[in-house]
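Engineer: Pasting a structure below so you can have a look.
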Amino acid sequence: MASPRFLFLLLLSYVFVFGSVFNPSSSARVLSSGAAKVSLALYYETLCPFSANFIVKYLPKVYDEDLIKIVDLKLVPYGNAKLQGEDNIACQHGPFECLLNTVEACAIDVWPDLNTHFAFIYCVEHLVKEGKYPEWESCFDRLKLDSKPISECFNSGHGKELELYYANVTGSLQPPHKYVPWVVVDNQPLYEDYENFVTYVCKAYKGNPEPKACSTSLLHQVISVEKAKPTREVCYAEETIKTSASYSS
Ligand SMILES: *[C@@H]1O[C@H](CO)[C@@H](O)[C@H](O)[C@H]1NC(C)=O
């Protein structure tokens, strides 16, 4: 059963897909006010429950509150995977995680439009949260997306190349990531305050008018709710890999 939130997001994603067809300037990085977009990057791995929770419960705020116009969002599905030798990747939660990391990397590559790949990744991570990730392929039907380019990406080895690229991007982080989800706003990691990313995006944004989501009363609410609980909800980079199985093409 799709949750109301999921349907809402789905609906929104159609609005955005059509919006971008009819508005040729919608993908420009610089807004009419001249202010640069704030870069927001999520380094994550598909089966870390805290990554899934962040993607499903927090990240959609970029849509809910119309922040998307000021944000350049990048998703990097690799996380705490480790390169063994030249091109063998071992994932923290085993081979299924390597499969889903690669599938999500393929989704980003095949559907460069954020609204499309985000809808797909949201769908898969929603299943992860519910412990139903073996049903990930149902997301093609649910979202009316063609599975063929994804299987081609995966089976041709292109997905593996994308993962090796993400291994490099993740490995080049300064400072290096310590856990996932690892959220970076304008090159500054948010550490354990990642759920509060809206505040940091608003602080980093130089343009006018500021989005409604950045109004102080709203932000105070966000801060008081999210600071109230201790966040240690992360998958550490050095945690033991649960299965010894690795993954190669
Ligand atoms: C990433 O790739 C560049 C260029 O091939 C290389 O110089 C660099 O060492 C790589 N970084 C990591 C962390 O793998």
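Chain identifiers are assigned as A, B, and so on, following the order in which chains appear in the structure tokens; residues are numbered from 1 within each chain, and ligands are numbered from 1 in order of appearance.
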Out of stretch 75-217 of chain A, which residues get strand (DSSP E or B) from DSSP, as a PyMOL selection string?

Structural biologist: chain A and resi 75-77+82-84+88-90+179-180+182-185+188-189

Engineer: Within 9 Å of ligand 1 (counting only C-alpha atoms and all ligand atoms), which residues show up? I'd like them as a compact mmCIF listing (two decimals) with N, CA, C and O atoms, in the first residue's frame.

Structural biologist:
```
# COMPACT_ATOMS: atom_id res chain seq x y z
N LEU A 164 32.29 2.89 -9.33
CA LEU A 164 33.72 3.15 -9.15
C LEU A 164 33.98 4.66 -9.13
O LEU A 164 34.82 5.15 -8.36
N TYR A 165 33.21 5.37 -9.94
CA TYR A 165 33.31 6.84 -9.92
C TYR A 165 32.85 7.38 -8.56
O TYR A 165 33.51 8.23 -7.95
N ALA A 167 32.90 5.78 -5.80
CA ALA A 167 33.92 5.38 -4.82
C ALA A 167 34.98 6.46 -4.75
O ALA A 167 35.43 6.85 -3.66
N ASN A 168 35.36 6.97 -5.91
CA ASN A 168 36.37 8.02 -5.98
C ASN A 168 35.85 9.32 -5.36
O ASN A 168 36.53 9.95 -4.56
N VAL A 169 34.63 9.70 -5.72
CA VAL A 169 34.04 10.94 -5.22
C VAL A 169 33.91 10.88 -3.69
O VAL A 169 34.26 11.83 -2.98
N THR A 170 33.44 9.74 -3.19
CA THR A 170 33.26 9.58 -1.74
C THR A 170 34.62 9.56 -1.04
O THR A 170 34.80 10.18 0.00
N GLY A 171 35.57 8.85 -1.66
CA GLY A 171 36.92 8.75 -1.08
C GLY A 171 37.67 10.07 -1.10
O GLY A 171 38.64 10.24 -0.36
N SER A 172 37.24 11.00 -1.95
CA SER A 172 37.92 12.30 -2.05
C SER A 172 37.33 13.36 -1.12
O SER A 172 37.80 14.50 -1.12
N LEU A 173 36.30 12.99 -0.35
CA LEU A 173 35.65 13.97 0.53
C LEU A 173 36.65 14.57 1.52
O LEU A 173 37.45 13.84 2.13
```

Engineer: What is the distance, in Å and to one decimal place, between atom CA of A:Cys139 and atom CA of A:Phe50?

Structural biologist: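 Atom-to-atom, atom CA of A:Cys139 and atom CA of A:Phe50 are spaced 20.4 Å apart.
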
Engineer: Please, which residues in stretch 37-73 of chain A fall within 8 Å of stretch 174-198 of chain A when counting only C-alpha atoms, and what is the closest atom pair and distance in Å to one decimal for each, ordered by chain then residue number, as JSON lines?

Structural biologist:
```
{"residue": "A:Val38", "atom": "CA", "partner": "A:Asp186", "partner_atom": "CA", "distance": 6.2}
{"residue": "A:Ser39", "atom": "CA", "partner": "A:Asp186", "partner_atom": "CA", "distance": 5.0}
{"residue": "A:Leu40", "atom": "CA", "partner": "A:Val185", "partner_atom": "CA", "distance": 4.7}
{"residue": "A:Ala41", "atom": "CA", "partner": "A:Val184", "partner_atom": "CA", "distance": 5.1}
{"residue": "A:Leu42", "atom": "CA", "partner": "A:Val183", "partner_atom": "CA", "distance": 4.8}
{"residue": "A:Tyr43", "atom": "CA", "partner": "A:Trp182", "partner_atom": "CA", "distance": 5.1}
{"residue": "A:Tyr44", "atom": "CA", "partner": "A:Pro181", "partner_atom": "CA", "distance": 5.0}
{"residue": "A:Glu45", "atom": "CA", "partner": "A:Val180", "partner_atom": "CA", "distance": 7.1}
{"residue": "A:Cys48", "atom": "CA", "partner": "A:Val180", "partner_atom": "CA", "distance": 7.6}
{"residue": "A:Phe50", "atom": "CA", "partner": "A:Pro181", "partner_atom": "CA", "distance": 6.7}
{"residue": "A:Ser51", "atom": "CA", "partner": "A:Pro181", "partner_atom": "CA", "distance": 5.0}
{"residue": "A:Phe54", "atom": "CA", "partner": "A:Glu195", "partner_atom": "CA", "distance": 7.1}
{"residue": "A:Tyr58", "atom": "CA", "partner": "A:Glu195", "partner_atom": "CA", "distance": 6.4}
{"residue": "A:Lys61", "atom": "CA", "partner": "A:Val198", "partner_atom": "CA", "distance": 7.8}
{"residue": "A:Val62", "atom": "CA", "partner": "A:Val198", "partner_atom": "CA", "distance": 7.8}
```

Engineer: Name all residues at most 12 Å from A:Glu125 (count only C-alpha atoms; drop same-chain ones fewer than 5 positions away) and give them as a compact mmCIF listing (two decimals) with N, CA and C atoms, in the first residue's frame.

Structural biologist:
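Now in selection-v5.txt:
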```txt
# COMPACT_ATOMS: atom_id res chain seq x y z
N PHE A 6 3.76 9.23 -0.03
CA PHE A 6 4.35 8.74 -1.26
C PHE A 6 3.56 9.22 -2.47
N TYR A 44 25.39 8.32 0.79
CA TYR A 44 24.58 7.32 1.52
C TYR A 44 24.81 5.95 0.92
N GLU A 45 24.30 4.93 1.64
CA GLU A 45 24.27 3.59 1.07
C GLU A 45 22.85 3.07 1.21
N THR A 46 22.45 2.24 0.26
CA THR A 46 21.02 1.94 0.11
C THR A 46 20.42 1.17 1.28
N LEU A 47 21.19 0.31 1.96
CA LEU A 47 20.59 -0.52 3.01
C LEU A 47 20.88 -0.04 4.43
N CYS A 48 21.56 1.06 4.59
CA CYS A 48 21.70 1.62 5.94
C CYS A 48 20.33 2.17 6.33
N PRO A 49 19.72 1.65 7.42
CA PRO A 49 18.36 2.09 7.76
C PRO A 49 18.26 3.59 8.01
N PHE A 50 19.35 4.21 8.45
CA PHE A 50 19.30 5.65 8.74
C PHE A 50 19.36 6.48 7.46
N SER A 51 20.06 5.95 6.46
CA SER A 51 20.02 6.59 5.14
C SER A 51 18.61 6.53 4.58
N ALA A 52 18.01 5.35 4.66
CA ALA A 52 16.65 5.17 4.13
C ALA A 52 15.68 6.10 4.86
N ASN A 53 15.81 6.16 6.18
CA ASN A 53 14.94 7.02 6.97
C ASN A 53 15.11 8.49 6.59
N PHE A 54 16.34 8.90 6.37
CA PHE A 54 16.59 10.29 6.00
C PHE A 54 15.97 10.61 4.63
N ILE A 55 16.12 9.69 3.70
CA ILE A 55 15.59 9.92 2.35
C ILE A 55 14.06 9.96 2.37
N VAL A 56 13.46 9.13 3.19
CA VAL A 56 11.99 9.03 3.19
C VAL A 56 11.35 10.11 4.08
N LYS A 57 11.96 10.37 5.24
CA LYS A 57 11.29 11.25 6.20
C LYS A 57 11.76 12.70 6.20
N LEU A 59 14.46 14.23 3.67
CA LEU A 59 14.87 14.84 2.41
C LEU A 59 13.70 15.40 1.59
N PRO A 77 25.15 7.35 -4.12
CA PRO A 77 24.87 6.06 -3.50
C PRO A 77 26.09 5.13 -3.48
N GLU A 97 23.11 -4.85 -1.10
CA GLU A 97 23.33 -3.40 -1.03
C GLU A 97 24.12 -2.93 -2.25
N LEU A 100 21.67 -2.66 -5.09
CA LEU A 100 20.79 -1.48 -5.02
C LEU A 100 21.57 -0.17 -5.17
N ASN A 101 22.80 -0.11 -4.64
CA ASN A 101 23.62 1.09 -4.86
C ASN A 101 23.80 1.31 -6.36
N VAL A 103 21.94 0.08 -8.85
CA VAL A 103 20.65 0.40 -9.47
C VAL A 103 20.32 1.89 -9.27
N GLU A 104 20.56 2.40 -8.08
CA GLU A 104 20.24 3.81 -7.82
C GLU A 104 21.22 4.73 -8.57
N PHE A 118 14.70 10.97 -8.15
CA PHE A 118 14.39 11.03 -6.72
C PHE A 118 13.12 10.23 -6.40
N ALA A 119 12.13 10.31 -7.28
CA ALA A 119 10.90 9.53 -7.05
C ALA A 119 11.23 8.04 -6.99
N PHE A 120 12.12 7.60 -7.86
CA PHE A 120 12.49 6.17 -7.90
C PHE A 120 13.26 5.79 -6.63
N GLU A 130 10.70 -0.44 5.16
CA GLU A 130 9.68 -1.41 5.55
C GLU A 130 10.22 -2.84 5.54
N GLY A 131 11.49 -3.00 5.27
CA GLY A 131 12.08 -4.34 5.20
C GLY A 131 11.64 -5.12 3.97
N LYS A 132 11.16 -4.43 2.95
CA LYS A 132 10.65 -5.12 1.76
C LYS A 132 11.50 -4.85 0.52
N TYR A 133 12.78 -4.57 0.74
CA TYR A 133 13.58 -4.15 -0.43
C TYR A 133 13.73 -5.21 -1.52
N PRO A 134 13.57 -6.52 -1.21
CA PRO A 134 13.62 -7.46 -2.35
C PRO A 134 12.54 -7.18 -3.41
N GLU A 135 11.53 -6.40 -3.02
CA GLU A 135 10.49 -6.03 -4.00
C GLU A 135 10.80 -4.74 -4.74
N TRP A 136 12.08 -4.33 -4.75
CA TRP A 136 12.43 -3.01 -5.31
C TRP A 136 11.95 -2.82 -6.75
N GLU A 137 11.86 -3.92 -7.51
CA GLU A 137 11.46 -3.77 -8.92
C GLU A 137 10.02 -3.30 -9.09
N CYS A 139 8.91 -0.74 -8.01
CA CYS A 139 8.95 0.73 -8.17
C CYS A 139 8.82 1.16 -9.63
```

Engineer: Measuring atom to atom with only C-alpha atoms, identify which of A:Ala81, A:Leu75, A:Ala204, A:Ile70 is nearest to A:Tyr236.

Structural biologist: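 Looking at the shortest contact to A:Tyr236, the residue is A:Ala81.
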
Engineer: Considering only alpha helix (DSSP H) as DSSP defines it on the backbone, what residues of stretch 65-176 of chain A qualify? List them as number ranges by chain.

Structural biologist: A: 95-110, 114-129, 138-143, 148-155, 158-171

Engineer: As JSON, numbers by chain, please: the residues near A:Cys153 (cut-off 12 Å, only C-alpha atoms, same-chain neighbours under 4 positions excluded).

Structural biologist: {"A": [99, 102, 103, 104, 105, 106, 107, 108, 109, 110, 111, 147, 148, 149, 157, 158, 159, 160, 161, 162, 163]}

Engineer: Restricted to N, CA and C atoms, what would the selected residues look like written as a CSV table (one decimal), in the first residue's frame?

Structural biologist:
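again_23.csv written:
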```csv
chain,number,residue,atom,x,y,z
A,99,LEU,N,24.0,-4.3,-5.2
A,99,LEU,CA,23.1,-4.2,-6.3
A,99,LEU,C,22.2,-3.0,-6.2
A,102,THR,N,24.1,0.2,-7.1
A,102,THR,CA,24.3,0.3,-8.5
A,102,THR,C,23.1,0.7,-9.2
A,103,VAL,N,21.9,0.1,-8.8
A,103,VAL,CA,20.7,0.4,-9.5
A,103,VAL,C,20.3,1.9,-9.3
A,104,GLU,N,20.6,2.4,-8.1
A,104,GLU,CA,20.2,3.8,-7.8
A,104,GLU,C,21.2,4.7,-8.6
A,105,ALA,N,22.5,4.3,-8.7
A,105,ALA,CA,23.4,5.1,-9.5
A,105,ALA,C,23.0,5.1,-11.0
A,106,CYS,N,22.5,3.9,-11.5
A,106,CYS,CA,21.9,3.9,-12.8
A,106,CYS,C,20.7,4.8,-13.0
A,107,ALA,N,19.9,4.8,-12.0
A,107,ALA,CA,18.7,5.7,-12.0
A,107,ALA,C,19.1,7.1,-12.2
A,108,ILE,N,20.1,7.6,-11.5
A,108,ILE,CA,20.5,9.0,-11.5
A,108,ILE,C,21.1,9.2,-12.9
A,109,ASP,N,21.8,8.2,-13.5
A,109,ASP,CA,22.4,8.4,-14.8
A,109,ASP,C,21.4,8.3,-15.9
A,110,VAL,N,20.4,7.4,-15.8
A,110,VAL,CA,19.4,7.2,-16.9
A,110,VAL,C,18.4,8.3,-16.9
A,111,TRP,N,18.0,8.8,-15.7
A,111,TRP,CA,17.0,9.9,-15.5
A,111,TRP,C,17.7,11.1,-14.8
A,147,SER,N,11.9,-0.1,-17.0
A,147,SER,CA,13.0,-0.8,-16.3
A,147,SER,C,14.1,-1.1,-17.3
A,148,LYS,N,13.9,-1.1,-18.6
A,148,LYS,CA,14.9,-1.5,-19.5
A,148,LYS,C,16.2,-0.8,-19.5
A,149,PRO,N,16.2,0.6,-19.5
A,149,PRO,CA,17.5,1.3,-19.4
A,149,PRO,C,18.2,1.0,-18.1
A,157,GLY,N,27.6,-3.3,-17.3
A,157,GLY,CA,28.8,-2.9,-16.5
A,157,GLY,C,28.9,-1.4,-16.3
A,158,HIS,N,28.1,-0.6,-17.0
A,158,HIS,CA,28.1,0.8,-16.9
A,158,HIS,C,27.8,1.2,-15.4
A,159,GLY,N,26.9,0.5,-14.8
A,159,GLY,CA,26.5,0.7,-13.4
A,159,GLY,C,27.7,0.6,-12.5
A,160,LYS,N,28.5,-0.5,-12.8
A,160,LYS,CA,29.7,-0.7,-12.0
A,160,LYS,C,30.7,0.5,-12.2
A,161,GLU,N,30.8,1.0,-13.4
A,161,GLU,CA,31.7,2.1,-13.6
A,161,GLU,C,31.2,3.4,-12.8
A,162,LEU,N,29.9,3.5,-12.8
A,162,LEU,CA,29.3,4.6,-12.0
A,162,LEU,C,29.7,4.5,-10.5
A,163,GLU,N,29.6,3.2,-10.0
A,163,GLU,CA,29.9,3.0,-8.6
A,163,GLU,C,31.4,3.2,-8.4
```
